[in-house]
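Colleague: This is the structure, below, for whatever I ask next.
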Amino acid sequence: MVGGGILGLAVARELRARRPEAATVVLEREEDVALHQSGRNSGVVHAGIYYAPGSLKARLCVEGARDLYAYCDERGIRYERSGKLIVARDETELKRLDELERRGRANGVPGLRRLDAEGLREIEPHARGVAALHSPETGVVDFAEVARAFAADVGHVATGCEVTGTRLARDRIVLSHSHGETEARFAVFSAGVEADRLAVMAGADPDPRIVPFRGSYLRLRAEKAHLVRGLVYPVPDPRLPFLGVHLSRHVDGNVSLGPGALLAPTRLGRSLAWPGTWRMARRWWRTGARELARAASIRRFAHEAASYVPELEPGDLTRWYSGTRAQAVARDGRLVDDFVVSETERALHVRNAPSPAATSSLALARLIADRVESALG
């Protein structure tokens with residue numbers, strides 16, 4: 001297994017459980033697990049509202065959330081089913097809210113209900129809008145803590161072990177890395193921002209390419225944290241695989257506002273060398289300009305959030321942390337909006353696993369392990 005994020009560890013855990021007699025090893029280039037996307041996010045356990053019915057995201061999110069809560073109960077990992085409110089700020093957003101409700105019901109999201117203006121204020125007294133969807137099963141957890149529990153289940157995680165090359169030798173795949181070489185019957189790559197590079201190294205098609213997006217978060221001052229009880233989201237643009245700037249109460253009581261979505265400086269040269277990046281930019285340049293303006297100004301962040309939580313003011317927020325989303329972009333400029341898993345000889349590659357991959361990790365791990373077992377025969 002290459003990659004010590006939450007999904008890679010979930011896959012290794014599943015494979016070890018199915019084949020206890022086999023040696024399952026995780027190779028992670030950093031000095032600890034879950035240091036990137038898995039540990040720097042909103043911490044939201046999604047319920048499955050947003051995703052196109054029939055997609056992997058839709059099926060595996062609902063299934064994965066149920067399994068994740070059960071795992072946390074088993075391991076004593078703290079979480080909260082704090083509930084999510086998706087707020088339509090005015091009548092122009094009602095059609096999009098209707099579509100989210102249709103998707104959520106088609107996906108079997110438990111407890112989903114439609115609220116009017118008065119009903120949404122009963123859930124979030126400081127929020128304002130003309131209507132909302134309430135998802136009581138949406139929650140929050142520390143995904144880095146979950147990932148560390150997965151790592152303990154796996155047992156053997158080699159950190160500081162960056163994979164630099166692959167080759168086939170007889171009936172084995174050989175992984176070259178900073179500790180030497182490892183031979184295996186089969187390898188699974190779940191490498192985040194490096195997923196495309198490692199896949200191509202193993203003989204895969206370069207399309208799609210990972211174009212990392214940097215998401216920055218602000219923190220609400222403690223004395224204003226009472227403005228948010230759980231999770232308060234705007235109605236997102238359905239054309240984009242991002243959910244908009246939202247307010248999230250974390251398990252530690254802190255409330256975050258974010259994230260933005262800018263091209264990350266990580267691998268920027270590689271991103272700009274991809275034709276799909278420029279095609280994406282031509283299509284979404286107005287959105288990109290708004291994101292740049294927002295990233296430069298806490299005031300703009302606050303103004304956007306105040307459109308659905310009016311009491312928020314710029315002075316209530318301070319900069320907090322940032323994370324990188326590994327987003328696959330096709331050659332034609334399309335932002336890939338579902339999980340993508342592909343194969344090369346003696347290897348399987350997770351080519352796109354953005355949110356809700358953490359929520360879906362146990363369910364997605366089963367799907368990947370099924371494919372590994374099919375390949376091994």
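Labels for the structure tokens follow display order: chains A, B, ..., residues from 1 in each chain, ligands from 1.
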Within 9 Å of Leu218 in chain A, counting only C-alpha atoms, which residues show up once you throw out same-chain ones fewer than 3 positions away? Write them as a list in words, please.
Modeller: Val255, Ser256, Leu257, Gly258, Pro259, Ile298, Phe301, Leu317, Thr318, Arg319, Trp320, Tyr321 and Ser322 of chain A
Colleague: Fewer than 6 positions away in the same chain doesn't count, so skip those; otherwise give me all residues within 9 Å of Gly3 in chain A, counting only C-alpha atoms, as a ChimeraX atom specification.
Modeller: /A:9,26-29,33,188-192
Colleague: List the spatial neighbours of Ile173 in chain A as a PyMOL selection string - criterion: any atom at most 9 Å away, only C-alpha atoms, same-chain residues fewer than 2 positions off excluded.
Modeller: chain A and resi 166-171+175+182-187+345-347
Colleague: Based on the selection just made, write N, CA and C atoms of those residues as a compact mmCIF listing (two decimals), in the first residue's frame.
Modeller:
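Just written: out-v3.txt:
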```
# COMPACT_ATOMS: atom_id res chain seq x y z
N THR A 166 8.82 2.32 -9.87
CA THR A 166 8.22 0.99 -9.89
C THR A 166 8.71 0.23 -11.11
N ARG A 167 8.76 -1.09 -10.98
CA ARG A 167 9.07 -1.92 -12.15
C ARG A 167 8.49 -3.31 -11.90
N LEU A 168 8.29 -4.05 -12.97
CA LEU A 168 7.78 -5.41 -12.87
C LEU A 168 8.95 -6.38 -12.94
N ALA A 169 8.88 -7.42 -12.11
CA ALA A 169 9.92 -8.45 -12.11
C ALA A 169 9.25 -9.80 -11.89
N ARG A 170 9.24 -10.61 -12.94
CA ARG A 170 8.57 -11.91 -12.90
C ARG A 170 7.10 -11.72 -12.49
N ASP A 171 6.70 -12.31 -11.39
CA ASP A 171 5.31 -12.21 -10.95
C ASP A 171 5.17 -11.23 -9.78
N LEU A 175 8.80 -1.89 -5.81
CA LEU A 175 8.70 -0.47 -5.48
C LEU A 175 10.04 0.02 -4.95
N THR A 182 10.94 -2.76 -2.15
CA THR A 182 9.95 -3.71 -1.62
C THR A 182 9.33 -4.44 -2.79
N GLU A 183 9.30 -5.77 -2.72
CA GLU A 183 8.63 -6.58 -3.73
C GLU A 183 7.27 -7.01 -3.21
N ALA A 184 6.27 -7.00 -4.08
CA ALA A 184 4.92 -7.38 -3.67
C ALA A 184 4.21 -8.08 -4.82
N ARG A 185 3.23 -8.91 -4.46
CA ARG A 185 2.39 -9.51 -5.51
C ARG A 185 1.51 -8.44 -6.15
N PHE A 186 1.13 -7.45 -5.35
CA PHE A 186 0.22 -6.43 -5.85
C PHE A 186 0.43 -5.18 -5.02
N ALA A 187 0.23 -4.01 -5.65
CA ALA A 187 0.36 -2.72 -4.94
C ALA A 187 -0.88 -1.88 -5.18
N GLU A 345 -0.71 -3.19 -14.59
CA GLU A 345 -0.30 -4.55 -14.27
C GLU A 345 0.21 -4.63 -12.84
N ARG A 346 -0.42 -5.48 -12.05
CA ARG A 346 -0.08 -5.74 -10.64
C ARG A 346 -0.22 -4.50 -9.75
N ALA A 347 -1.07 -3.58 -10.16
CA ALA A 347 -1.27 -2.39 -9.32
C ALA A 347 -2.65 -1.80 -9.56
```
Colleague: Hey, which bits of range 147-214 of chain A sit within 12 Å of range 34-37 of chain A, and for each residue what's the closest pair of atoms and how far apart in Å (one decimal), counting only C-alpha atoms, rows by chain and increasing number, as JSON lines?
Modeller:
```
{"residue": "A:Ala147", "atom": "CA", "partner": "A:Ala34", "partner_atom": "CA", "distance": 6.4}
{"residue": "A:Arg148", "atom": "CA", "partner": "A:Ala34", "partner_atom": "CA", "distance": 7.7}
{"residue": "A:Ala149", "atom": "CA", "partner": "A:Ala34", "partner_atom": "CA", "distance": 11.0}
{"residue": "A:Phe150", "atom": "CA", "partner": "A:Ala34", "partner_atom": "CA", "distance": 10.6}
{"residue": "A:Ala151", "atom": "CA", "partner": "A:Ala34", "partner_atom": "CA", "distance": 9.8}
{"residue": "A:Val157", "atom": "CA", "partner": "A:Ala34", "partner_atom": "CA", "distance": 11.9}
{"residue": "A:Thr159", "atom": "CA", "partner": "A:Ala34", "partner_atom": "CA", "distance": 11.1}
{"residue": "A:Ser190", "atom": "CA", "partner": "A:Gln37", "partner_atom": "CA", "distance": 12.0}
{"residue": "A:Ala191", "atom": "CA", "partner": "A:His36", "partner_atom": "CA", "distance": 10.5}
{"residue": "A:Gly192", "atom": "CA", "partner": "A:Gln37", "partner_atom": "CA", "distance": 7.7}
{"residue": "A:Val193", "atom": "CA", "partner": "A:Gln37", "partner_atom": "CA", "distance": 9.2}
{"residue": "A:Glu194", "atom": "CA", "partner": "A:His36", "partner_atom": "CA", "distance": 11.8}
{"residue": "A:Pro212", "atom": "CA", "partner": "A:Gln37", "partner_atom": "CA", "distance": 10.4}
{"residue": "A:Phe213", "atom": "CA", "partner": "A:Gln37", "partner_atom": "CA", "distance": 10.6}
{"residue": "A:Arg214", "atom": "CA", "partner": "A:Gln37", "partner_atom": "CA", "distance": 10.0}
```
Colleague: Out of A:Val146, A:Val2, A:Ala47, A:Val251, which residue has the shortest atom-to-atom distance to Glu80 in chain A when counting only C-alpha atoms?
Modeller: A:Val251
Colleague: Just list as a ChimeraX atom specification whatever in range 42-121 of chain A DSSP marks as helix (DSSP H, G or I).
Modeller: /A:56-75,91-106,117-121
Colleague: Kindly save the residues from that selection, with C-alpha atoms included, as a JSON list (two decimals), in the first residue's frame.
Modeller:
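Contents of out.json, freshly written:
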```
[["chain", "number", "residue", "atom", "x", "y", "z"],
["A", 56, "LEU", "CA", -19.81, 5.98, -6.36],
["A", 57, "LYS", "CA", -19.85, 9.04, -4.12],
["A", 58, "ALA", "CA", -23.59, 8.73, -3.54],
["A", 59, "ARG", "CA", -23.54, 5.03, -2.73],
["A", 60, "LEU", "CA", -20.35, 4.90, -0.72],
["A", 61, "CYS", "CA", -20.96, 8.08, 1.29],
["A", 62, "VAL", "CA", -24.23, 6.88, 2.81],
["A", 63, "GLU", "CA", -22.77, 3.43, 3.48],
["A", 64, "GLY", "CA", -19.45, 4.82, 4.67],
["A", 65, "ALA", "CA", -20.94, 7.29, 7.15],
["A", 66, "ARG", "CA", -22.88, 4.51, 8.84],
["A", 67, "ASP", "CA", -19.76, 2.35, 9.04],
["A", 68, "LEU", "CA", -17.58, 5.22, 10.26],
["A", 69, "TYR", "CA", -19.89, 6.03, 13.16],
["A", 70, "ALA", "CA", -19.95, 2.34, 14.13],
["A", 71, "TYR", "CA", -16.14, 2.17, 13.99],
["A", 72, "CYS", "CA", -15.81, 5.27, 16.18],
["A", 73, "ASP", "CA", -18.19, 3.72, 18.71],
["A", 74, "GLU", "CA", -16.11, 0.55, 18.71],
["A", 75, "ARG", "CA", -12.82, 2.40, 19.18],
["A", 91, "GLU", "CA", -35.75, 32.59, -3.87],
["A", 92, "THR", "CA", -33.13, 32.34, -6.62],
["A", 93, "GLU", "CA", -31.56, 29.39, -4.78],
["A", 94, "LEU", "CA", -34.75, 27.38, -4.29],
["A", 95, "LYS", "CA", -34.45, 25.37, -7.51],
["A", 96, "ARG", "CA", -30.96, 24.28, -6.53],
["A", 97, "LEU", "CA", -32.21, 23.40, -3.06],
["A", 98, "ASP", "CA", -34.97, 21.34, -4.69],
["A", 99, "GLU", "CA", -32.35, 19.43, -6.66],
["A", 100, "LEU", "CA", -30.30, 18.76, -3.51],
["A", 101, "GLU", "CA", -33.41, 17.45, -1.79],
["A", 102, "ARG", "CA", -34.15, 15.19, -4.77],
["A", 103, "ARG", "CA", -30.61, 13.83, -4.72],
["A", 104, "GLY", "CA", -30.59, 13.33, -0.98],
["A", 105, "ARG", "CA", -33.85, 11.38, -1.02],
["A", 106, "ALA", "CA", -32.72, 9.30, -4.01],
["A", 117, "ALA", "CA", -37.57, 30.21, 7.32],
["A", 118, "GLU", "CA", -38.99, 29.68, 10.78],
["A", 119, "GLY", "CA", -37.99, 26.02, 10.88],
["A", 120, "LEU", "CA", -34.37, 26.70, 10.00],
["A", 121, "ARG", "CA", -34.14, 29.24, 12.85]]
```
Colleague: Which range 203-263 of chain A residues have any atom within 7 Å of an atom of range 277-297 of chain A, and for each, what is the nearest pair of atoms with distance in Å to one decimal, counting only C-alpha atoms, rows sorted by chain and number, as a tab-separated table?
Modeller:
```
residue	atom	partner	partner_atom	distance
A:Gly260	CA	A:Glu291	CA	6.3
A:Ala261	CA	A:Glu291	CA	6.3
A:Leu262	CA	A:Glu291	CA	6.5
```
Colleague: Include N, CA and C atoms and write out the residues we just selected as a compact mmCIF listing (two decimals), in the first residue's frame.
Modeller:
```
# COMPACT_ATOMS: atom_id res chain seq x y z
N GLY A 260 -11.67 28.37 1.13
CA GLY A 260 -11.57 28.92 -0.21
C GLY A 260 -11.12 27.81 -1.15
N ALA A 261 -10.89 28.14 -2.40
CA ALA A 261 -10.45 27.11 -3.37
C ALA A 261 -9.56 27.77 -4.42
N LEU A 262 -8.26 27.84 -4.12
CA LEU A 262 -7.28 28.41 -5.04
C LEU A 262 -6.33 27.33 -5.51
```
Colleague: Applying 9 Å and only C-alpha atoms, which residues near range 23-25 of chain A remain after dropping the ones on its own chain fewer than 4 positions away? List them as a list in words.
Modeller: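 Listed by chain and then number, they are Met1, Val2, Ala12, Arg13, Leu15, Arg16, Arg19, Val154, Gly155, His156, Val157 and Ala158 of chain A.
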Colleague: Would you save the residues from that selection as an mmCIF file, in the first residue's frame, using C-alpha atoms?
Modeller:
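Everything below was put into selection27.cif:
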```cif
data_model
loop_
_atom_site.group_PDB
_atom_site.id
_atom_site.type_symbol
_atom_site.label_atom_id
_atom_site.label_comp_id
_atom_site.auth_asym_id
_atom_site.auth_seq_id
_atom_site.Cartn_x
_atom_site.Cartn_y
_atom_site.Cartn_z
ATOM 1 C CA MET A 1 0.000 0.000 0.000
ATOM 2 C CA VAL A 2 1.422 3.373 -1.019
ATOM 3 C CA ALA A 12 -4.609 -1.679 4.011
ATOM 4 C CA ARG A 13 -6.751 -2.473 7.048
ATOM 5 C CA LEU A 15 -6.814 -6.197 2.961
ATOM 6 C CA ARG A 16 -5.117 -7.301 6.179
ATOM 7 C CA ARG A 19 -5.785 -11.984 4.121
ATOM 8 C CA VAL A 154 -2.715 -2.320 10.039
ATOM 9 C CA GLY A 155 0.289 -2.616 12.326
ATOM 10 C CA HIS A 156 3.119 -2.034 9.818
ATOM 11 C CA VAL A 157 3.393 1.517 8.481
ATOM 12 C CA ALA A 158 6.792 2.578 7.129
#
```
